[in-house]
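File shown here: input17.txt, holding compact mmCIF, C-alpha atoms and all ligand atoms.
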# COMPACT_ATOMS: atom_id res chain seq x y z
CA MET K 1 106.27 91.24 104.58
CA ARG K 2 104.16 91.09 107.73
CA GLN K 3 102.69 94.43 108.67
CA ILE K 4 103.39 95.51 112.24
CA PHE K 5 101.38 98.47 113.39
CA SER K 6 102.11 98.47 117.08
CA THR K 7 101.69 101.77 118.88
CA GLU K 8 103.64 100.21 121.72
CA LEU K 9 106.59 99.79 119.40
CA LEU K 10 106.26 103.32 118.08
CA GLY K 11 106.43 104.59 121.64
CA HIS K 12 109.97 103.22 121.70
CA LEU K 13 111.18 105.10 118.66
CA PRO K 14 114.57 106.72 119.27
CA PRO K 15 114.29 110.48 119.83
CA ARG K 16 114.74 112.46 116.63
CA LYS K 17 118.13 114.09 116.38
CA ASN K 18 116.68 117.49 115.60
CA SER K 19 114.12 118.37 118.24
CA THR K 20 113.13 121.57 116.39
CA GLU K 21 112.15 119.49 113.36
CA VAL K 22 109.16 120.75 111.41
CA ARG K 23 106.53 118.09 110.71
CA ILE K 24 104.57 118.84 107.57
CA LYS K 25 100.94 117.73 107.78
CA LYS K 26 98.57 116.82 104.97
CA SER K 27 96.74 120.16 105.13
CA GLN K 28 100.02 122.09 104.80
CA LEU K 29 101.70 119.99 102.13
CA PRO K 30 100.37 121.59 98.90
CA LYS K 31 101.17 125.10 100.12
CA VAL K 32 104.66 124.15 101.34
CA ALA K 33 105.45 122.32 98.11
CA HIS K 34 104.19 125.17 95.95
CA ALA K 35 106.22 127.74 97.90
CA THR K 36 109.58 126.04 97.38
CA THR K 37 111.88 127.90 95.04
CA SER K 38 114.60 125.33 94.35
CA LEU K 39 115.01 121.57 94.10
CA ASN K 40 117.39 121.68 97.08
CA GLN K 41 114.75 123.34 99.21
CA LEU K 42 112.10 120.92 98.00
CA ASP K 43 114.31 117.96 98.92
CA GLN K 44 114.71 119.30 102.46
CA HIS K 45 110.97 119.87 102.95
CA ILE K 46 110.07 116.40 101.69
CA THR K 47 112.20 114.89 104.44
CA ASN K 48 109.93 116.53 107.02
CA CYS K 49 106.65 115.20 105.63
CA PHE K 50 104.26 113.35 107.94
CA ALA K 51 101.13 113.60 105.79
CA CYS K 52 100.26 109.89 105.46
CA PRO K 53 99.70 108.23 108.85
CA ARG K 54 99.91 104.65 107.52
CA LEU K 55 103.17 105.28 105.67
CA VAL K 56 104.75 107.22 108.53
CA THR K 57 103.99 104.30 110.84
CA TRP K 58 105.31 101.79 108.33
CA ARG K 59 108.56 103.61 107.48
CA GLU K 60 109.35 104.06 111.17
CA GLU K 61 108.46 100.52 112.20
CA ILE K 62 110.66 99.10 109.44
CA ALA K 63 113.46 101.33 110.71
CA ILE K 64 113.13 99.75 114.15
CA THR K 65 112.45 96.12 113.31
CA LYS K 66 114.98 96.06 110.39
CA ARG K 67 115.95 93.12 108.20
CA LYS K 68 118.25 90.58 109.83
CA ALA K 69 121.11 91.37 107.45
CA TYR K 70 121.04 95.04 108.47
CA LEU K 71 120.50 94.81 112.22
CA ASP K 72 123.74 96.72 112.89
CA GLN K 73 122.72 99.65 110.67
CA ASP K 74 120.75 102.81 111.43
CA TYR K 75 117.81 103.02 109.06
CA TRP K 76 116.84 106.38 107.55
CA GLY K 77 113.11 105.78 108.15
CA LYS K 78 111.95 109.07 106.55
CA PRO K 79 110.69 110.24 103.15
CA ILE K 80 113.10 110.04 100.23
CA SER K 81 113.75 113.03 98.00
CA GLY K 82 115.08 113.05 94.45
CA PHE K 83 118.75 112.47 93.67
CA GLY K 84 121.03 113.79 90.96
CA SER K 85 121.32 116.95 88.93
CA ASN K 86 119.42 120.07 89.92
CA LYS K 87 119.28 121.04 86.26
CA PRO K 88 118.40 117.66 84.76
CA ARG K 89 117.94 117.00 81.07
CA MET K 90 116.49 113.57 81.93
CA LEU K 91 114.13 112.77 84.80
CA ILE K 92 113.61 109.14 85.84
CA ILE K 93 110.56 108.31 87.95
CA GLY K 94 110.04 105.17 90.01
CA LEU K 95 107.18 104.05 92.23
CA ALA K 96 108.28 104.48 95.86
CA PRO K 97 111.27 103.79 98.11
CA GLY K 98 112.10 100.20 99.03
CA ALA K 99 111.54 99.28 102.68
CA HIS K 100 115.10 97.99 103.15
CA GLY K 101 116.63 99.93 100.27
CA ALA K 102 116.08 103.69 100.21
CA ASN K 103 114.17 103.61 103.53
CA ARG K 104 117.38 102.18 105.04
CA THR K 105 120.05 104.13 103.17
CA GLY K 106 118.27 107.48 102.71
CA ARG K 107 118.85 107.73 98.94
CA VAL K 108 116.46 106.81 96.17
CA PHE K 109 117.15 103.42 94.45
CA THR K 110 120.02 102.76 96.84
CA GLY K 111 120.74 99.66 98.87
CA ASP K 112 118.68 97.09 97.01
CA PRO K 113 118.93 95.08 93.77
CA SER K 114 116.60 97.47 91.89
CA GLY K 115 119.04 100.28 92.56
CA ASP K 116 121.96 98.22 91.34
CA TRP K 117 120.09 97.49 88.14
CA LEU K 118 119.19 101.12 87.54
CA PHE K 119 122.58 102.61 88.42
CA GLY K 120 124.34 99.75 86.62
CA SER K 121 122.50 100.68 83.46
CA LEU K 122 123.10 104.40 83.94
CA HIS K 123 126.79 103.67 84.38
CA ARG K 124 126.96 101.58 81.22
CA ILE K 125 125.47 104.42 79.17
CA GLY K 126 127.79 107.02 80.70
CA ILE K 127 125.33 108.80 83.01
CA ALA K 128 126.28 107.43 86.47
CA LYS K 129 129.80 107.76 87.85
CA ILE K 130 129.76 104.27 89.40
CA GLY K 131 127.84 101.15 88.50
CA THR K 132 126.41 100.27 91.91
CA SER K 133 124.25 102.07 94.44
CA ILE K 134 124.95 100.63 97.86
CA HIS K 135 125.01 103.59 100.25
CA LYS K 136 124.58 107.36 100.08
CA ASP K 137 128.24 108.16 100.81
CA ASP K 138 129.54 106.27 97.77
CA LYS K 139 130.32 109.49 95.85
CA GLN K 140 127.82 108.53 93.16
CA GLU K 141 127.07 111.29 90.64
CA LEU K 142 124.66 111.53 87.73
CA LYS K 143 125.28 113.57 84.59
CA HIS K 144 122.33 115.78 83.62
CA THR K 145 119.94 113.31 85.24
CA ARG K 146 117.71 113.17 88.29
CA ILE K 147 115.93 110.17 89.79
CA THR K 148 112.78 110.48 91.85
CA THR K 149 109.65 108.55 92.86
CA ALA K 150 105.93 109.18 92.62
CA VAL K 151 105.47 108.41 96.34
CA ARG K 152 108.23 109.30 98.81
CA CYS K 153 107.70 106.84 101.66
CA ALA K 154 108.09 103.07 101.54
CA PRO K 155 104.60 101.52 101.34
CA PRO K 156 103.66 98.06 102.69
CA ASP K 157 103.92 95.52 99.85
CA ASN K 158 105.11 98.34 97.56
CA LYS K 159 101.48 99.41 97.18
CA PRO K 160 100.54 102.96 98.15
CA SER K 161 96.80 103.62 98.35
CA ASN K 162 95.20 106.04 95.91
CA ASP K 163 94.80 108.52 98.74
CA GLU K 164 98.51 108.28 99.61
CA ARG K 165 99.45 108.70 95.95
CA ASP K 166 97.29 111.80 95.69
CA THR K 167 98.51 113.23 98.99
CA CYS K 168 102.13 112.91 97.86
CA ALA K 169 101.45 114.28 94.36
CA PRO K 170 102.19 117.97 95.14
CA TRP K 171 105.82 117.08 95.85
CA LEU K 172 106.15 115.52 92.40
CA LEU K 173 104.27 118.37 90.77
CA ARG K 174 106.62 120.95 92.23
CA GLU K 175 109.67 118.83 91.41
CA PHE K 176 108.55 118.72 87.78
CA GLU K 177 107.87 122.47 87.72
CA LEU K 178 111.32 123.24 89.10
CA ALA K 179 113.03 120.78 86.75
CA LEU K 180 111.08 121.65 83.59
CA PRO K 181 113.24 124.56 82.43
CA THR K 182 115.94 121.99 81.57
CA THR K 183 114.21 118.57 81.43
CA ARG K 184 113.39 117.19 77.99
CA ALA K 185 113.12 113.43 78.54
CA PHE K 186 111.08 111.62 81.21
CA VAL K 187 111.43 107.91 81.94
CA GLY K 188 108.64 106.09 83.80
CA LEU K 189 109.77 102.89 85.52
CA GLY K 190 106.67 100.72 85.76
CA SER K 191 103.00 101.48 85.14
CA PHE K 192 102.45 103.37 88.40
CA ALA K 193 105.24 105.85 87.58
CA TRP K 194 104.11 106.04 83.94
CA SER K 195 100.65 107.06 85.05
CA ALA K 196 102.01 109.60 87.59
CA LEU K 197 104.17 111.07 84.85
CA PHE K 198 101.18 111.73 82.59
CA THR K 199 98.99 113.03 85.42
CA THR K 200 101.66 115.46 86.59
CA LEU K 201 102.55 116.84 83.18
CA ARG K 202 98.88 117.21 82.29
CA GLU K 203 98.39 119.20 85.45
CA LEU K 204 101.17 121.48 84.25
CA GLY K 205 99.27 122.04 81.01
CA HIS K 206 101.18 119.67 78.72
CA PRO K 207 98.99 118.34 75.88
CA LEU K 208 99.17 114.59 76.48
CA THR K 209 96.88 111.91 75.18
CA THR K 210 96.74 108.60 77.01
CA THR K 211 99.50 106.19 76.05
CA LYS K 212 99.25 102.61 77.21
CA PHE K 213 102.08 101.42 79.42
CA GLY K 214 104.48 98.84 78.02
CA HIS K 215 108.22 98.48 77.88
CA GLY K 216 109.52 100.95 75.31
CA ALA K 217 106.18 102.77 74.95
CA GLU K 218 106.86 106.39 74.12
CA PHE K 219 105.14 109.69 73.58
CA ARG K 220 106.77 112.61 71.79
CA TYR K 221 105.27 116.07 71.68
CA ARG K 222 105.99 119.75 71.40
CA HIS K 223 104.74 122.21 74.00
CA GLU K 224 105.38 125.96 73.98
CA GLY K 225 108.17 125.52 71.46
CA VAL K 226 109.95 122.73 73.38
CA ASP K 227 110.27 119.06 72.34
CA TYR K 228 109.70 116.37 74.95
CA LEU K 229 109.99 112.58 75.06
CA LEU K 230 108.21 110.36 77.58
CA ILE K 231 109.37 106.76 77.54
CA ALA K 232 108.46 103.73 79.64
CA SER K 233 110.46 100.83 81.00
CA TYR K 234 109.48 97.86 83.06
CA HIS K 235 110.47 98.54 86.66
CA PRO K 236 113.84 96.97 87.56
CA SER K 237 112.24 95.08 90.46
CA GLN K 238 113.44 91.57 91.22
CA GLN K 239 110.07 90.30 90.06
CA ASN K 240 110.95 91.54 86.56
CA THR K 241 114.71 91.03 86.52
CA PHE K 242 114.72 87.50 88.03
CA THR K 243 112.13 86.29 85.56
CA GLY K 244 113.86 87.83 82.55
CA LYS K 245 110.90 90.10 81.82
CA LEU K 246 113.39 92.96 81.98
CA THR K 247 116.97 92.40 80.77
CA THR K 248 119.95 94.72 81.03
CA THR K 249 119.81 95.25 77.27
CA MET K 250 116.17 96.32 77.47
CA LEU K 251 116.80 98.79 80.30
CA ASP K 252 119.97 100.16 78.70
CA SER K 253 118.12 100.69 75.44
CA VAL K 254 115.32 102.79 76.98
CA LEU K 255 117.66 104.89 79.12
CA LYS K 256 120.04 105.43 76.22
CA LYS K 257 117.24 106.62 73.97
CA ALA K 258 115.98 109.05 76.63
CA ALA K 259 119.47 110.35 77.41
CA LYS K 260 120.27 110.84 73.73
CA PHE K 261 117.02 112.69 73.12
CA SER K 262 117.46 114.87 76.20
CA GLN K 263 120.88 115.99 74.98
CA SER K 264 119.88 116.54 71.37
CA VAL K 265 116.98 118.99 71.75
CA GLY K 266 117.09 122.60 72.82
S1 LIG P 1 104.18 109.43 101.08
FE1 LIG P 1 104.56 111.56 100.52
S2 LIG P 1 102.85 112.71 101.36
FE2 LIG P 1 102.88 110.72 102.39
S3 LIG P 1 104.11 111.06 104.25
FE3 LIG P 1 105.49 110.30 102.68
S4 LIG P 1 106.32 112.17 101.72
FE4 LIG P 1 104.51 112.75 102.88

The structure given in the file should be rewritten as structure tokens.
Amino acid sequence: MRQIFSTELLGHLPPRKNSTEVRIKKSQLPKVAHATTSLNQLDQHITNCFACPRLVTWREEIAITKRKAYLDQDYWGKPISGFGSNKPRMLIIGLAPGAHGANRTGRVFTGDPSGDWLFGSLHRIGIAKIGTSIHKDDKQELKHTRITTAVRCAPPDNKPSNDERDTCAPWLLREFELALPTTRAFVGLGSFAWSALFTTLRELGHPLTTTKFGHGAEFRYRHEGVDYLLIASYHPSQQNTFTGKLTTTMLDSVLKKAAKFSQSVG
């Protein structure tokens, strides 16, 4: 997609509904993230993040220019928080929101084919209430599972810079910390998420050795008396699903294994 970074266009952004909105800057982010005491609170703070100038510009420009098919819709155009259980047994991590998916609908993996693949699979294995993920008011629910992303704003060409990845990392770190009392299985969708998963858990003191990314790659370990499983899947992007690199059977198999493990350990 062509990148449009026009300050003239940004000057025509619609006024934000909440004029008292707090805008979290890069220098404040780690402290704000660390101070959150619940996943609900974390989700709210993430929505107010303005730490990455390039991604803020991009998410807002996409929300104005829109895709032709969605011209009649209001785009979300803000960061995307996690979705699902606040006491998850299984945590699924993707790369970043899609420009016309989550950045439009306001919910992770919602409104694009990747979301339909992921929620379709979760529905087949009994985790998601419905098998599609079209909009955030669809009454979708996840059993014992939460979905999140390593970077919370849609990046141009789905490629966040290393600096943007690192700037966003405290949100993921805190999300893991708050979820860890119940989470036992982690699923990394794609190599970027797989790497973020290892980095984050290492930062929390988990004894992880490097495990090469590949579909079905897994790492099992025990830490402070608790058993964990990390497992990888190819990302359900169209690039992988159209070409047959990732099939529904392959995705179902990884998610089923993670869900089963997460329910079977203490
Ligand atoms: S990518 Fe993360 S750190 Fe950067 S603006 Fe979005 S939410 Fe904030």

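Interatomic distance, atom CA of Asp252 of chain K to atom CA of Ala99 of chain K: 25.4 Å.
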
Given a cut-off of 10 Å, what residues near ligand LIG 1 (chain P) show up using only C-alpha atoms and all ligand atoms, put as a VMD selection string? chain K and resid 23 to 26 29 to 30 45 to 57 59 78 to 81 96 to 97 149 to 155 160 to 161 163 to 172

Report task. Skip Gly188 of chain K itself and residues of its chain fewer than 3 positions away, then list as a ChimeraX atom specification all residues within 9 Å of it, counting all atoms listed in the file. Result -> /K:91-95,191-197,230-235

Query raised in the report: Which neighbours of segment 109-112 of chain K fall inside 12 Å, counting only C-alpha atoms, when residues of the same chain fewer than 2 positions from it are skipped, and could you give them as a count of residues only?
Result: 53

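In this model, the gap between atom CA of Leu251 of chain K and atom CA of Asp43 of chain K comes to 26.8 Å.
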
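Atom CA of Gln41 of chain K to atom CA of Glu21 of chain K spans 14.9 Å [interatomic distance, one decimal].
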
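Proximity of K:Leu71, K:Ala128, K:Val32, K:Ala259 to Thr183 of chain K, computed with only C-alpha atoms, is greatest for K:Ala259.
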
Shortest contact to Lys143 of chain K, candidates K:Val187, K:Leu42, K:Val265, K:Ile130, atoms counted all atoms listed in the file, goes to K:Ile130

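With distances taken over all atoms listed in the file, K:Leu122 is the one residue among K:Leu122, K:Gly214, K:Gly266, K:Asp157 lying closest to Glu141 of chain K.
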
Around segment 175-185 of chain K, fit a box with edges along x, y and z, padding it by 4 Å on each side, then list its centre and edge lengths in Å to one decimal as lines of an AutoDock Vina configuration file.
center_x = 111.9
center_y = 119.0
center_z = 84.7
size_x = 16.1
size_y = 19.1
size_z = 21.4

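Using all atoms listed in the file, the shortest contact distance between Thr36 of chain K and any of K:Val226, K:Leu204, K:Ala217, K:Leu173 is found at K:Leu173.
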
As a short mmCIF file (atom, residue, chain, number, x, y, z; two decimals), in the frame of the given file, could you write out segment 95-116 of chain K once it has been completed with N, CA and C atoms?
data_model
loop_
_atom_site.label_atom_id
_atom_site.label_comp_id
_atom_site.auth_asym_id
_atom_site.auth_seq_id
_atom_site.Cartn_x
_atom_site.Cartn_y
_atom_site.Cartn_z
N LEU K 95 108.43 104.13 91.48
CA LEU K 95 107.18 104.05 92.23
C LEU K 95 107.33 104.68 93.62
N ALA K 96 108.14 104.05 94.46
CA ALA K 96 108.28 104.48 95.86
C ALA K 96 109.56 103.86 96.42
N PRO K 97 110.05 104.36 97.53
CA PRO K 97 111.27 103.79 98.11
C PRO K 97 111.06 102.34 98.57
N GLY K 98 112.14 101.56 98.51
CA GLY K 98 112.10 100.20 99.03
C GLY K 98 112.24 100.22 100.55
N ALA K 99 111.54 99.30 101.21
CA ALA K 99 111.54 99.28 102.68
C ALA K 99 112.95 99.12 103.25
N HIS K 100 113.75 98.23 102.64
CA HIS K 100 115.10 97.99 103.15
C HIS K 100 116.17 98.53 102.21
N GLY K 101 115.71 99.26 101.18
CA GLY K 101 116.63 99.93 100.27
C GLY K 101 116.72 101.40 100.66
N ALA K 102 116.01 102.25 99.93
CA ALA K 102 116.08 103.69 100.21
C ALA K 102 115.62 104.03 101.63
N ASN K 103 114.64 103.31 102.16
CA ASN K 103 114.17 103.61 103.53
C ASN K 103 115.27 103.30 104.56
N ARG K 104 116.23 102.49 104.16
CA ARG K 104 117.38 102.18 105.04
C ARG K 104 118.53 103.16 104.78
N THR K 105 118.85 103.37 103.50
CA THR K 105 120.05 104.13 103.17
C THR K 105 119.82 105.64 103.06
N GLY K 106 118.57 106.04 102.81
CA GLY K 106 118.27 107.48 102.71
C GLY K 106 118.45 108.05 101.32
N ARG K 107 118.73 107.22 100.31
CA ARG K 107 118.85 107.73 98.94
C ARG K 107 118.03 106.86 98.01
N VAL K 108 117.35 107.51 97.09
CA VAL K 108 116.46 106.81 96.17
C VAL K 108 117.22 105.71 95.38
N PHE K 109 116.56 104.56 95.18
CA PHE K 109 117.15 103.42 94.45
C PHE K 109 118.55 103.07 94.97
N THR K 110 118.71 103.06 96.26
CA THR K 110 120.02 102.76 96.84
C THR K 110 119.91 101.73 97.95
N GLY K 111 120.71 100.67 97.82
CA GLY K 111 120.74 99.66 98.87
C GLY K 111 119.89 98.44 98.60
N ASP K 112 119.42 98.32 97.37
CA ASP K 112 118.68 97.09 97.01
C ASP K 112 118.96 96.73 95.55
N PRO K 113 118.60 95.52 95.14
CA PRO K 113 118.93 95.08 93.77
C PRO K 113 118.34 95.98 92.67
N SER K 114 117.17 96.58 92.92
CA SER K 114 116.60 97.47 91.89
C SER K 114 117.54 98.63 91.62
N GLY K 115 118.11 99.16 92.70
CA GLY K 115 119.04 100.28 92.56
C GLY K 115 120.28 99.87 91.79
N ASP K 116 120.78 98.68 92.07
CA ASP K 116 121.96 98.22 91.34
C ASP K 116 121.67 98.06 89.85
#
